[in-house]
Amino acid sequence: MEQTYIMIKPDAVQRGLMGEIISRIEKRGLKIAAMRLGVMSEESAKEHYKEHVQRPFFASLIEYVTSGPSVSMVVEGKNAIAIMRAVNGATNPVEALPGTIRGDFAVETGRNVVHASDSTEAAKREMAIHFKDSEIVNYTKIDEVCLYE
Ligand code: IDP
């Protein structure tokens, strides 16, 4: 089983999309192992996005993700990292296919509604920024019997 870090970004919270996004994750068959609503600190945001520190959009990205409440989650399942990247769709919503979260609910890259870790290393790093080990819940869901061979 894999775990990945997901953020429902502040624009999505303001637009009332939390339930829709959580519902898509659940319906896909992934399990929510941790979840918290809160305003991300500037320190956490800068650590999270440190690979982009030299990019021209860095300051506006930090301002965006700390601008209001967001939802942080750890999502778990077989191939959870790749599945959540596909569920979210392309970074630029113009290229995101209909049926993906960004393809259905977003218009531009700087307000693209959701985040998902893009690799095992990123998932591990991002989960450690946003959650203590004790906040990640280990439990079995009854539907796992039907989801997995
Ligand atoms: P990802 O979120 O799909 O992993 P990244 O390339 O890692 O995409 O970019 C991180 C975030 O930075 C994007 O989701 C988006 O919010 C923001 N971002 C990336 N490129 C641009 C840009 O050209 N303008 C504004 N914001 C950008």
# chains A, B, ... in the order shown; residues from 1 in each chain; ligands from 1
$ residues_near_ligand --ligand "ligand 1" --cutoff "9 Å" --atoms "only C-alpha atoms and all ligand atoms" --output "NGL selection string"
:A and (9 or 49 or 51-52 or 55-58 or 60-62 or 64-65 or 85 or 88-92 or 108-118)
$ write_last_selection --atoms "C-alpha atoms" --output "PDB file, in the first residue's frame"
ATOM      1  CA  LYS A   9      -6.146  24.274  -1.815  1.00  0.00           C
ATOM      2  CA  TYR A  49       7.302  24.080  -2.388  1.00  0.00           C
ATOM      3  CA  GLU A  51      11.890  23.019  -5.300  1.00  0.00           C
ATOM      4  CA  HIS A  52      10.191  26.072  -6.869  1.00  0.00           C
ATOM      5  CA  ARG A  55      10.659  30.256 -10.081  1.00  0.00           C
ATOM      6  CA  PRO A  56       8.952  33.602 -10.823  1.00  0.00           C
ATOM      7  CA  PHE A  57       5.651  32.358  -9.394  1.00  0.00           C
ATOM      8  CA  PHE A  58       7.119  31.254  -6.019  1.00  0.00           C
ATOM      9  CA  SER A  60       2.456  34.230  -5.403  1.00  0.00           C
ATOM     10  CA  LEU A  61       2.270  30.443  -4.893  1.00  0.00           C
ATOM     11  CA  ILE A  62       3.131  30.820  -1.186  1.00  0.00           C
ATOM     12  CA  TYR A  64      -2.053  31.492  -2.567  1.00  0.00           C
ATOM     13  CA  VAL A  65      -1.652  28.350  -0.465  1.00  0.00           C
ATOM     14  CA  ARG A  85      -2.053  12.426  -9.916  1.00  0.00           C
ATOM     15  CA  ASN A  88      -6.266  15.557 -10.093  1.00  0.00           C
ATOM     16  CA  GLY A  89      -5.328  15.950 -13.779  1.00  0.00           C
ATOM     17  CA  ALA A  90      -2.638  18.079 -15.418  1.00  0.00           C
ATOM     18  CA  THR A  91      -1.062  20.973 -13.469  1.00  0.00           C
ATOM     19  CA  ASN A  92      -2.336  23.439 -16.068  1.00  0.00           C
ATOM     20  CA  GLU A 108      -5.689  28.400 -14.539  1.00  0.00           C
ATOM     21  CA  THR A 109      -2.480  26.985 -13.080  1.00  0.00           C
ATOM     22  CA  GLY A 110      -2.262  29.523 -10.278  1.00  0.00           C
ATOM     23  CA  ARG A 111      -5.682  28.440  -8.935  1.00  0.00           C
ATOM     24  CA  ASN A 112      -5.638  24.733  -9.671  1.00  0.00           C
ATOM     25  CA  VAL A 113      -7.673  23.541  -6.693  1.00  0.00           C
ATOM     26  CA  VAL A 114      -5.675  20.488  -5.544  1.00  0.00           C
ATOM     27  CA  HIS A 115      -2.208  19.107  -4.877  1.00  0.00           C
ATOM     28  CA  ALA A 116      -0.942  15.518  -4.914  1.00  0.00           C
ATOM     29  CA  SER A 117       2.614  14.269  -4.330  1.00  0.00           C
ATOM     30  CA  ASP A 118       4.350  13.278  -7.561  1.00  0.00           C
TER      31      ASP A 118
END
$ select_by_dssp --residues "chain A" --states "strand (DSSP E)" --output "PyMOL selection string"
chain A and resi 2-8+31-38+70-77+114-116
$ write_last_selection --atoms "N, CA, C and O atoms" --output "mmCIF file, in the first residue's frame"
data_model
loop_
_atom_site.group_PDB
_atom_site.id
_atom_site.type_symbol
_atom_site.label_atom_id
_atom_site.label_comp_id
_atom_site.auth_asym_id
_atom_site.auth_seq_id
_atom_site.Cartn_x
_atom_site.Cartn_y
_atom_site.Cartn_z
ATOM 1 N N GLU A 2 0.429 2.237 -0.746
ATOM 2 C CA GLU A 2 1.165 3.505 -0.805
ATOM 3 C C GLU A 2 0.371 4.582 -0.089
ATOM 4 O O GLU A 2 -0.858 4.539 -0.053
ATOM 5 N N GLN A 3 1.105 5.590 0.407
ATOM 6 C CA GLN A 3 0.450 6.769 0.974
ATOM 7 C C GLN A 3 0.919 8.000 0.213
ATOM 8 O O GLN A 3 2.070 8.064 -0.224
ATOM 9 N N THR A 4 0.018 8.968 0.034
ATOM 10 C CA THR A 4 0.361 10.195 -0.675
ATOM 11 C C THR A 4 -0.235 11.392 0.058
ATOM 12 O O THR A 4 -1.254 11.259 0.748
ATOM 13 N N TYR A 5 0.418 12.543 -0.101
ATOM 14 C CA TYR A 5 -0.074 13.762 0.539
ATOM 15 C C TYR A 5 -0.948 14.547 -0.440
ATOM 16 O O TYR A 5 -0.535 14.821 -1.577
ATOM 17 N N ILE A 6 -2.134 14.871 0.008
ATOM 18 C CA ILE A 6 -3.097 15.615 -0.808
ATOM 19 C C ILE A 6 -3.448 16.917 -0.099
ATOM 20 O O ILE A 6 -3.655 16.924 1.115
ATOM 21 N N MET A 7 -3.538 17.992 -0.876
ATOM 22 C CA MET A 7 -4.048 19.248 -0.321
ATOM 23 C C MET A 7 -5.229 19.711 -1.169
ATOM 24 O O MET A 7 -5.131 19.755 -2.399
ATOM 25 N N ILE A 8 -6.337 20.033 -0.489
ATOM 26 C CA ILE A 8 -7.430 20.765 -1.140
ATOM 27 C C ILE A 8 -7.086 22.226 -0.887
ATOM 28 O O ILE A 8 -7.072 22.693 0.253
ATOM 29 N N LYS A 31 -8.327 5.335 0.509
ATOM 30 C CA LYS A 31 -8.694 5.490 1.924
ATOM 31 C C LYS A 31 -8.053 6.745 2.493
ATOM 32 O O LYS A 31 -6.871 7.006 2.245
ATOM 33 N N ILE A 32 -8.815 7.515 3.240
ATOM 34 C CA ILE A 32 -8.266 8.707 3.895
ATOM 35 C C ILE A 32 -7.686 8.278 5.240
ATOM 36 O O ILE A 32 -8.420 7.789 6.108
ATOM 37 N N ALA A 33 -6.375 8.438 5.379
ATOM 38 C CA ALA A 33 -5.684 7.978 6.584
ATOM 39 C C ALA A 33 -5.425 9.127 7.559
ATOM 40 O O ALA A 33 -5.138 8.898 8.735
ATOM 41 N N ALA A 34 -5.521 10.365 7.058
ATOM 42 C CA ALA A 34 -5.375 11.549 7.912
ATOM 43 C C ALA A 34 -6.040 12.715 7.198
ATOM 44 O O ALA A 34 -6.046 12.762 5.963
ATOM 45 N N MET A 35 -6.613 13.631 7.989
ATOM 46 C CA MET A 35 -7.257 14.796 7.367
ATOM 47 C C MET A 35 -7.351 15.940 8.383
ATOM 48 O O MET A 35 -7.728 15.732 9.522
ATOM 49 N N ARG A 36 -7.010 17.149 7.916
ATOM 50 C CA ARG A 36 -7.069 18.320 8.809
ATOM 51 C C ARG A 36 -7.349 19.588 8.004
ATOM 52 O O ARG A 36 -6.752 19.780 6.945
ATOM 53 N N LEU A 37 -8.257 20.422 8.508
ATOM 54 C CA LEU A 37 -8.482 21.736 7.903
ATOM 55 C C LEU A 37 -7.733 22.781 8.719
ATOM 56 O O LEU A 37 -7.804 22.773 9.947
ATOM 57 N N GLY A 38 -7.024 23.658 8.034
ATOM 58 C CA GLY A 38 -6.316 24.720 8.739
ATOM 59 C C GLY A 38 -5.624 25.627 7.745
ATOM 60 O O GLY A 38 -5.562 25.321 6.554
ATOM 61 N N SER A 70 -7.073 25.418 4.092
ATOM 62 C CA SER A 70 -6.919 24.353 3.100
ATOM 63 C C SER A 70 -7.120 23.042 3.861
ATOM 64 O O SER A 70 -7.165 23.036 5.095
ATOM 65 N N VAL A 71 -7.251 21.964 3.125
ATOM 66 C CA VAL A 71 -7.407 20.650 3.764
ATOM 67 C C VAL A 71 -6.189 19.810 3.409
ATOM 68 O O VAL A 71 -5.849 19.663 2.230
ATOM 69 N N SER A 72 -5.527 19.299 4.434
ATOM 70 C CA SER A 72 -4.387 18.402 4.254
ATOM 71 C C SER A 72 -4.853 16.981 4.503
ATOM 72 O O SER A 72 -5.567 16.724 5.478
ATOM 73 N N MET A 73 -4.435 16.074 3.636
ATOM 74 C CA MET A 73 -4.836 14.674 3.800
ATOM 75 C C MET A 73 -3.670 13.739 3.513
ATOM 76 O O MET A 73 -2.799 14.066 2.706
ATOM 77 N N VAL A 74 -3.713 12.578 4.147
ATOM 78 C CA VAL A 74 -2.907 11.449 3.696
ATOM 79 C C VAL A 74 -3.896 10.452 3.114
ATOM 80 O O VAL A 74 -4.878 10.080 3.763
ATOM 81 N N VAL A 75 -3.673 10.095 1.860
ATOM 82 C CA VAL A 75 -4.562 9.182 1.147
ATOM 83 C C VAL A 75 -3.780 7.912 0.851
ATOM 84 O O VAL A 75 -2.619 7.970 0.419
ATOM 85 N N GLU A 76 -4.426 6.775 1.081
ATOM 86 C CA GLU A 76 -3.727 5.493 1.037
ATOM 87 C C GLU A 76 -4.409 4.507 0.113
ATOM 88 O O GLU A 76 -5.637 4.502 0.008
ATOM 89 N N GLY A 77 -3.621 3.677 -0.525
ATOM 90 C CA GLY A 77 -4.163 2.605 -1.365
ATOM 91 C C GLY A 77 -3.099 2.074 -2.284
ATOM 92 O O GLY A 77 -1.996 2.610 -2.352
ATOM 93 N N VAL A 114 -6.159 21.650 -6.308
ATOM 94 C CA VAL A 114 -5.675 20.488 -5.544
ATOM 95 C C VAL A 114 -4.170 20.290 -5.717
ATOM 96 O O VAL A 114 -3.574 20.754 -6.689
ATOM 97 N N HIS A 115 -3.603 19.545 -4.779
ATOM 98 C CA HIS A 115 -2.208 19.107 -4.877
ATOM 99 C C HIS A 115 -2.150 17.613 -4.583
ATOM 100 O O HIS A 115 -2.892 17.116 -3.733
ATOM 101 N N ALA A 116 -1.249 16.917 -5.262
ATOM 102 C CA ALA A 116 -0.942 15.518 -4.914
ATOM 103 C C ALA A 116 0.549 15.291 -5.116
ATOM 104 O O ALA A 116 1.126 15.758 -6.115
#
$ residues_around --residues "Glu20 in chain A" --least-positions-apart "2" --cutoff "12 Å" --atoms "only C-alpha atoms" --output "PyMOL selection string"
chain A and resi 8+12-13+15-18+22-27+100-101+104-105+113-114
$ atom_distance --atom1 "CA of Glu95 in chain A" --atom2 "CA of Thr66 in chain A"
25.3 Å
